[in-house]
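This is data23.cif. It holds mmCIF, C-alpha atoms.
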```
data_protein
#
loop_
_atom_site.label_atom_id
_atom_site.label_comp_id
_atom_site.auth_asym_id
_atom_site.auth_seq_id
_atom_site.Cartn_x
_atom_site.Cartn_y
_atom_site.Cartn_z
CA MET A 1 -3.39 15.27 -8.99
CA ILE A 2 -3.61 14.21 -5.32
CA SER A 3 -1.71 11.34 -3.74
CA ILE A 4 -0.18 9.87 -0.61
CA THR A 5 3.03 7.95 -1.06
CA SER A 6 5.60 5.99 0.92
CA ASP A 7 8.25 6.80 -1.70
CA PRO A 8 10.36 9.95 -1.93
CA ILE A 9 8.41 12.76 -3.64
CA ASP A 10 9.58 13.37 -7.21
CA PHE A 11 9.31 17.02 -8.20
CA GLY A 12 9.82 16.44 -11.95
CA PRO A 13 6.48 14.85 -12.89
CA ALA A 14 4.61 17.42 -10.74
CA PHE A 15 6.33 20.28 -12.56
CA THR A 16 5.60 18.74 -15.96
CA TYR A 17 1.97 18.09 -15.05
CA LEU A 18 1.38 21.73 -14.04
CA GLN A 19 2.73 23.18 -17.28
CA THR A 20 -0.13 24.26 -19.48
CA ALA A 21 -0.26 26.97 -22.15
CA GLU A 22 -2.71 29.20 -20.22
CA ALA A 23 -0.62 29.17 -17.02
CA GLY A 24 1.59 32.20 -16.49
CA ALA A 25 2.43 31.25 -12.91
CA LEU A 26 3.44 28.00 -11.22
CA ASP A 27 3.81 28.17 -7.45
CA PHE A 28 5.26 25.34 -5.36
CA PHE A 29 5.45 24.73 -1.65
CA PHE A 30 7.80 22.08 -0.26
CA GLY A 31 7.27 21.04 3.34
CA VAL A 32 10.63 19.65 4.49
CA VAL A 33 11.70 17.71 7.59
CA ARG A 34 13.51 20.11 9.95
CA ASP A 35 16.20 18.99 12.39
CA ASN A 36 14.65 20.60 15.47
CA THR A 37 11.38 21.48 17.16
CA ASN A 38 11.26 24.12 19.91
CA ALA A 39 15.09 24.05 19.97
CA LYS A 40 15.13 20.30 20.60
CA ALA A 41 17.05 18.12 18.12
CA VAL A 42 14.84 15.88 15.96
CA GLU A 43 16.41 12.68 14.62
CA HIS A 44 13.67 11.68 12.18
CA LEU A 45 9.89 11.79 11.66
CA GLU A 46 7.16 9.30 10.99
CA TYR A 47 3.94 10.18 9.21
CA GLU A 48 0.82 8.06 9.44
CA ALA A 49 -2.25 8.64 7.25
CA TYR A 50 -5.86 7.53 7.11
CA ASP A 51 -5.38 7.25 3.37
CA ALA A 52 -8.93 7.18 1.97
CA MET A 53 -10.20 10.01 4.16
CA ALA A 54 -7.00 12.02 3.75
CA ILE A 55 -7.38 11.88 -0.05
CA SER A 56 -11.02 12.90 0.23
CA GLU A 57 -10.22 15.83 2.54
CA MET A 58 -7.39 17.00 0.28
CA GLN A 59 -9.79 16.84 -2.68
CA LYS A 60 -12.21 19.11 -0.81
CA ILE A 61 -9.38 21.59 -0.20
CA ALA A 62 -8.33 21.53 -3.85
CA ASP A 63 -11.96 22.00 -4.94
CA GLU A 64 -12.36 24.99 -2.63
CA ALA A 65 -9.07 26.52 -3.87
CA THR A 66 -10.28 26.07 -7.44
CA ARG A 67 -13.56 27.76 -6.52
CA ARG A 68 -11.84 30.75 -4.87
CA TRP A 69 -9.01 31.33 -7.34
CA GLN A 70 -8.39 30.72 -11.02
CA VAL A 71 -6.56 27.44 -10.55
CA LEU A 72 -5.85 25.68 -13.85
CA ARG A 73 -4.07 22.65 -12.39
CA TYR A 74 -2.86 21.53 -8.98
CA VAL A 75 -0.69 18.87 -7.42
CA ILE A 76 -0.83 17.72 -3.80
CA ILE A 77 1.50 14.92 -2.75
CA HIS A 78 1.93 13.92 0.90
CA ARG A 79 4.53 11.48 2.09
CA LYS A 80 3.98 8.87 4.81
CA GLY A 81 6.23 6.46 6.68
CA GLU A 82 9.68 7.25 8.04
CA LEU A 83 11.33 10.47 6.83
CA ARG A 84 14.86 11.71 7.42
CA ILE A 85 15.98 15.32 7.96
CA GLY A 86 15.80 17.28 4.70
CA GLU A 87 13.30 14.99 2.97
CA VAL A 88 10.16 16.45 1.42
CA ALA A 89 7.06 15.61 3.47
CA VAL A 90 4.55 17.44 1.32
CA LEU A 91 4.57 19.07 -2.10
CA ILE A 92 1.89 21.52 -3.22
CA GLY A 93 1.92 22.91 -6.74
CA VAL A 94 -0.56 25.30 -8.34
CA ALA A 95 -0.83 26.62 -11.90
CA THR A 96 -2.77 29.84 -12.51
CA PRO A 97 -2.82 32.52 -15.24
CA HIS A 98 -1.27 35.15 -12.91
CA ARG A 99 1.00 34.97 -9.86
CA ALA A 100 -1.26 36.41 -7.15
CA ASP A 101 -3.73 33.54 -7.46
CA ALA A 102 -0.91 30.99 -7.49
CA PHE A 103 0.58 32.29 -4.21
CA ASP A 104 -2.81 32.58 -2.51
CA ALA A 105 -4.13 29.19 -3.61
CA CYS A 106 -0.91 27.41 -2.69
CA ARG A 107 -0.87 28.97 0.77
CA TYR A 108 -4.54 28.18 1.33
CA ILE A 109 -3.97 24.54 0.40
CA ILE A 110 -1.02 23.94 2.73
CA ASP A 111 -2.58 25.91 5.61
CA THR A 112 -5.85 23.97 5.36
CA ILE A 113 -4.12 20.60 5.00
CA LYS A 114 -2.55 21.22 8.38
CA GLN A 115 -5.98 21.81 9.92
CA THR A 116 -8.25 19.12 8.46
CA VAL A 117 -6.46 16.26 6.73
CA PRO A 118 -6.14 13.07 8.84
CA ILE A 119 -2.36 12.67 8.73
CA TRP A 120 -0.27 12.45 11.88
CA LYS A 121 3.39 13.26 12.52
CA LYS A 122 5.56 11.72 15.19
CA GLU A 123 8.87 13.32 16.13
CA PHE A 124 11.74 11.13 17.30
CA PHE A 125 14.34 12.58 19.66
CA SER A 126 17.46 11.02 21.16
CA ASP A 127 15.50 10.48 24.40
CA GLY A 128 12.03 9.55 23.18
CA ASP A 129 9.26 10.39 20.75
CA MET A 130 6.06 12.45 20.59
CA TRP A 131 2.93 12.72 18.42
CA VAL A 132 2.88 16.35 17.34
CA ASN A 133 0.07 18.52 18.72
CA ALA A 134 -1.77 15.56 20.28
CA THR A 135 -1.77 16.53 23.95
CA PRO A 136 -2.02 19.92 25.70
CA MET B 1 -53.18 11.41 25.57
CA TYR B 2 -50.80 12.79 28.17
CA ARG B 3 -49.05 9.47 28.55
CA LYS B 4 -48.61 9.11 24.83
CA ARG B 5 -47.00 12.55 24.49
CA THR B 6 -44.60 11.84 27.33
CA LEU B 7 -43.55 8.65 25.62
CA LEU B 8 -42.92 10.39 22.31
CA LYS B 9 -40.57 12.90 23.92
CA LEU B 10 -38.04 10.17 24.63
CA PRO B 11 -35.26 9.78 22.07
CA VAL B 12 -35.81 6.84 19.77
CA ARG B 13 -32.66 5.16 21.05
CA TYR B 14 -34.31 4.45 24.42
CA TYR B 15 -36.86 2.23 22.72
CA LEU B 16 -34.16 0.36 20.85
CA CYS B 17 -31.57 -0.06 23.54
CA ALA B 18 -32.26 -3.76 23.84
CA MET B 19 -31.00 -4.20 20.28
CA ASN B 20 -27.24 -4.23 20.61
CA GLN B 21 -24.67 -3.96 17.88
CA SER B 22 -20.92 -3.95 17.66
CA VAL B 23 -19.13 -1.25 15.72
CA SER B 24 -15.55 -1.47 14.47
CA VAL B 25 -13.34 1.54 15.03
CA LEU B 26 -10.09 2.29 13.18
CA LEU B 27 -7.32 3.85 15.25
CA PHE B 28 -4.45 6.01 14.06
CA GLY B 29 -1.51 7.88 15.55
CA ILE B 30 -1.65 8.45 19.26
CA THR B 31 -5.05 6.73 19.65
CA ARG B 32 -3.58 3.55 18.14
CA GLU B 33 -0.75 3.68 20.66
CA LEU B 34 -2.96 4.51 23.66
CA VAL B 35 -5.32 1.62 22.89
CA GLY B 36 -2.52 -0.71 21.79
CA GLN B 37 -4.15 -1.88 18.56
CA SER B 38 -5.09 -0.43 15.17
CA LYS B 39 -8.73 -1.51 15.30
CA LEU B 40 -11.19 -2.17 18.11
CA THR B 41 -14.75 -3.38 18.46
CA CYS B 42 -17.19 -1.56 20.71
CA PRO B 43 -20.65 -2.80 21.73
CA LEU B 44 -23.29 -0.08 21.50
CA PRO B 45 -27.09 0.29 21.47
CA ALA B 46 -28.57 -0.11 17.99
CA ALA B 47 -29.41 3.58 17.61
CA ALA B 48 -26.15 4.82 19.09
CA ARG B 49 -24.63 8.15 18.16
CA VAL B 50 -21.05 9.33 17.86
CA SER B 51 -21.24 10.84 21.36
CA ASP B 52 -22.23 7.44 22.81
CA LEU B 53 -19.20 5.85 21.16
CA LEU B 54 -16.86 8.51 22.54
CA ASP B 55 -18.33 8.17 26.03
CA ALA B 56 -17.88 4.39 25.94
CA LEU B 57 -14.31 4.56 24.65
CA LYS B 58 -13.23 7.28 27.09
CA THR B 59 -14.60 5.17 29.93
CA GLN B 60 -12.73 2.11 28.74
CA TYR B 61 -9.55 3.97 27.77
CA PRO B 62 -9.38 7.03 30.07
CA ARG B 63 -6.19 8.36 28.47
CA LEU B 64 -8.18 9.18 25.32
CA GLY B 65 -9.65 11.98 27.44
CA ASP B 66 -6.18 13.57 27.76
CA LEU B 67 -6.02 14.43 24.04
CA LYS B 68 -6.36 18.03 22.85
CA SER B 69 -9.31 16.93 20.75
CA LEU B 70 -10.84 13.66 19.62
CA LEU B 71 -13.12 13.60 16.59
CA VAL B 72 -14.88 10.72 14.89
CA ALA B 73 -15.05 10.05 11.16
CA VAL B 74 -17.96 8.05 9.77
CA ASN B 75 -17.50 6.73 6.23
CA ASN B 76 -14.54 9.07 5.62
CA GLU B 77 -16.36 12.23 6.73
CA TYR B 78 -16.02 14.17 9.99
CA ALA B 79 -19.14 13.38 12.01
CA GLU B 80 -21.13 15.46 14.49
CA PRO B 81 -21.71 14.18 18.07
CA ASP B 82 -25.33 13.34 17.19
CA THR B 83 -24.53 11.41 14.01
CA ARG B 84 -26.04 7.91 14.14
CA ILE B 85 -23.64 5.00 13.69
CA THR B 86 -24.23 1.37 12.75
CA SER B 87 -22.11 -1.75 12.39
CA THR B 88 -21.88 -1.25 8.61
CA ASP B 89 -20.26 2.20 8.90
CA GLU B 90 -16.52 2.69 8.60
CA ILE B 91 -15.70 4.50 11.82
CA ALA B 92 -12.36 6.03 12.82
CA LEU B 93 -11.07 8.05 15.73
CA ILE B 94 -9.33 11.25 14.61
CA PRO B 95 -6.91 12.68 17.19
CA PRO B 96 -5.43 16.17 16.49
CA VAL B 97 -4.00 16.10 12.97
CA SER B 98 -0.43 17.17 12.24
CA GLY B 99 0.21 16.68 8.54
CA GLY B 100 2.08 19.02 6.27
#
```

Do you think you could lay out the structure here as structure tokens?
Amino acid sequence: MISITSDPIDFGPAFTYLQTAEAGALDFFFGVVRDNTNAKAVEHLEYEAYDAMAISEMQKIADEATRRWQVLRYVIIHRKGELRIGEVAVLIGVATPHRADAFDACRYIIDTIKQTVPIWKKEFFSDGDMWVNATP
Amino acid sequence: MYRKRTLLKLPVRYYLCAMNQSVSVLLFGITRELVGQSKLTCPLPAAARVSDLLDALKTQYPRLGDLKSLLVAVNNEYAEPDTRITSTDEIALIPPVSGG
């Protein structure tokens, strides 16, 4: 299950979807909006996505995770639009028979999303705004 | 024979440069803001490559050259500098990503 949504991310359906009789481990990662970056106060964030390509890149990541580890089911949900402090920006969930694979696959998915998926984050401060990581 | 071989060494695009096309380019994030619109049209030679598009855009919008990186996606896939592009392709500029 892979999606991009403008609505708040609902953990319940993701948890239910991952539950399968063969799974002994469910691992989740929640990426949450933090109130500061480099000690500077952040007021809110905006995420923008190239939806079709972002879905396709996330599918490649999920496929690779499934190839490397014994992933029975996975969930990747990324939020877009305006997000307030404390809101969930991304939810990764992985179901595997044993815990080591669940931790490893979940970490691989979030780490690789940050490198390859065309989604952009803008931080808003009291005195301006900045696209994260865009300029040297 | 010599003349013919010299001619063949030239990239195909030099023979086709009279045939112009316009490609549409989708813009996101900081590229959308630097250009001031979410989509632009760029005239290019018919056999243009990704590198030709980037050269043209960086000439027209010099601030694109200030980005940490600037990649191009063709039909939802990251493209190499020598990938050929045509007016029917879906093309997008991909500035440094920051999801998650």

Next item on the list: Report as a VMD selection string the full result of the PyMOL selection byres ((chain A) within 8 of (chain B)) when it is applied to this structure.
Entry: chain A and resid 31 47 to 50 52 to 53 56 78 89 to 90 110 113 to 121 131 to 136

Expand the PyMOL selection byres ((chain A and resi 29) around 7) into the explicit residue set it covers here, and present it as a short mmCIF file (atom, residue, chain, number, x, y, z; two decimals) with C-alpha atoms, in the coordinates of the input.
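Saved result, expr.cif, follows:
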```
data_model
loop_
_atom_site.label_atom_id
_atom_site.label_comp_id
_atom_site.auth_asym_id
_atom_site.auth_seq_id
_atom_site.Cartn_x
_atom_site.Cartn_y
_atom_site.Cartn_z
CA ASP A 27 3.81 28.17 -7.45
CA PHE A 28 5.26 25.34 -5.36
CA PHE A 30 7.80 22.08 -0.26
CA GLY A 31 7.27 21.04 3.34
CA LEU A 91 4.57 19.07 -2.10
CA ILE A 92 1.89 21.52 -3.22
CA GLY A 93 1.92 22.91 -6.74
CA CYS A 106 -0.91 27.41 -2.69
#
```

Notebook entry, point to check: What does the PyMOL selection byres ((chain A and resi 2-13) around 6) select in this file, as a list of chain:residue names?
Noted result: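 Given this file, the PyMOL selection byres ((chain A and resi 2-13) around 6) evaluates to A:Met1, A:Ala14, A:Phe15, A:Thr16, A:Tyr17, A:Val75, A:Ile76, A:Ile77, A:His78, A:Arg79, A:Lys80, A:Gly81.
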
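Put simply, atom CA of Glu80 of chain B is 25.5 Å away from atom CA of Arg67 of chain A.
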
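For the choices B:Leu44, B:Asp89, B:Tyr61, B:Ala79, the atom-to-atom distance to Ser22 of chain B is smallest for B:Leu44 when using only C-alpha atoms.
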
Notebook entry, point to check: Hey, can you check how far atom CA of Thr83 of chain B sits from atom CA of Ala48 of chain B?
Noted result: 8.5 Å

Notebook entry, point to check: Do you have the atom CA of Ser24 of chain B-atom CA of Ile85 of chain B distance handy?
Noted result: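 Between these atoms lies a distance of 10.4 Å.
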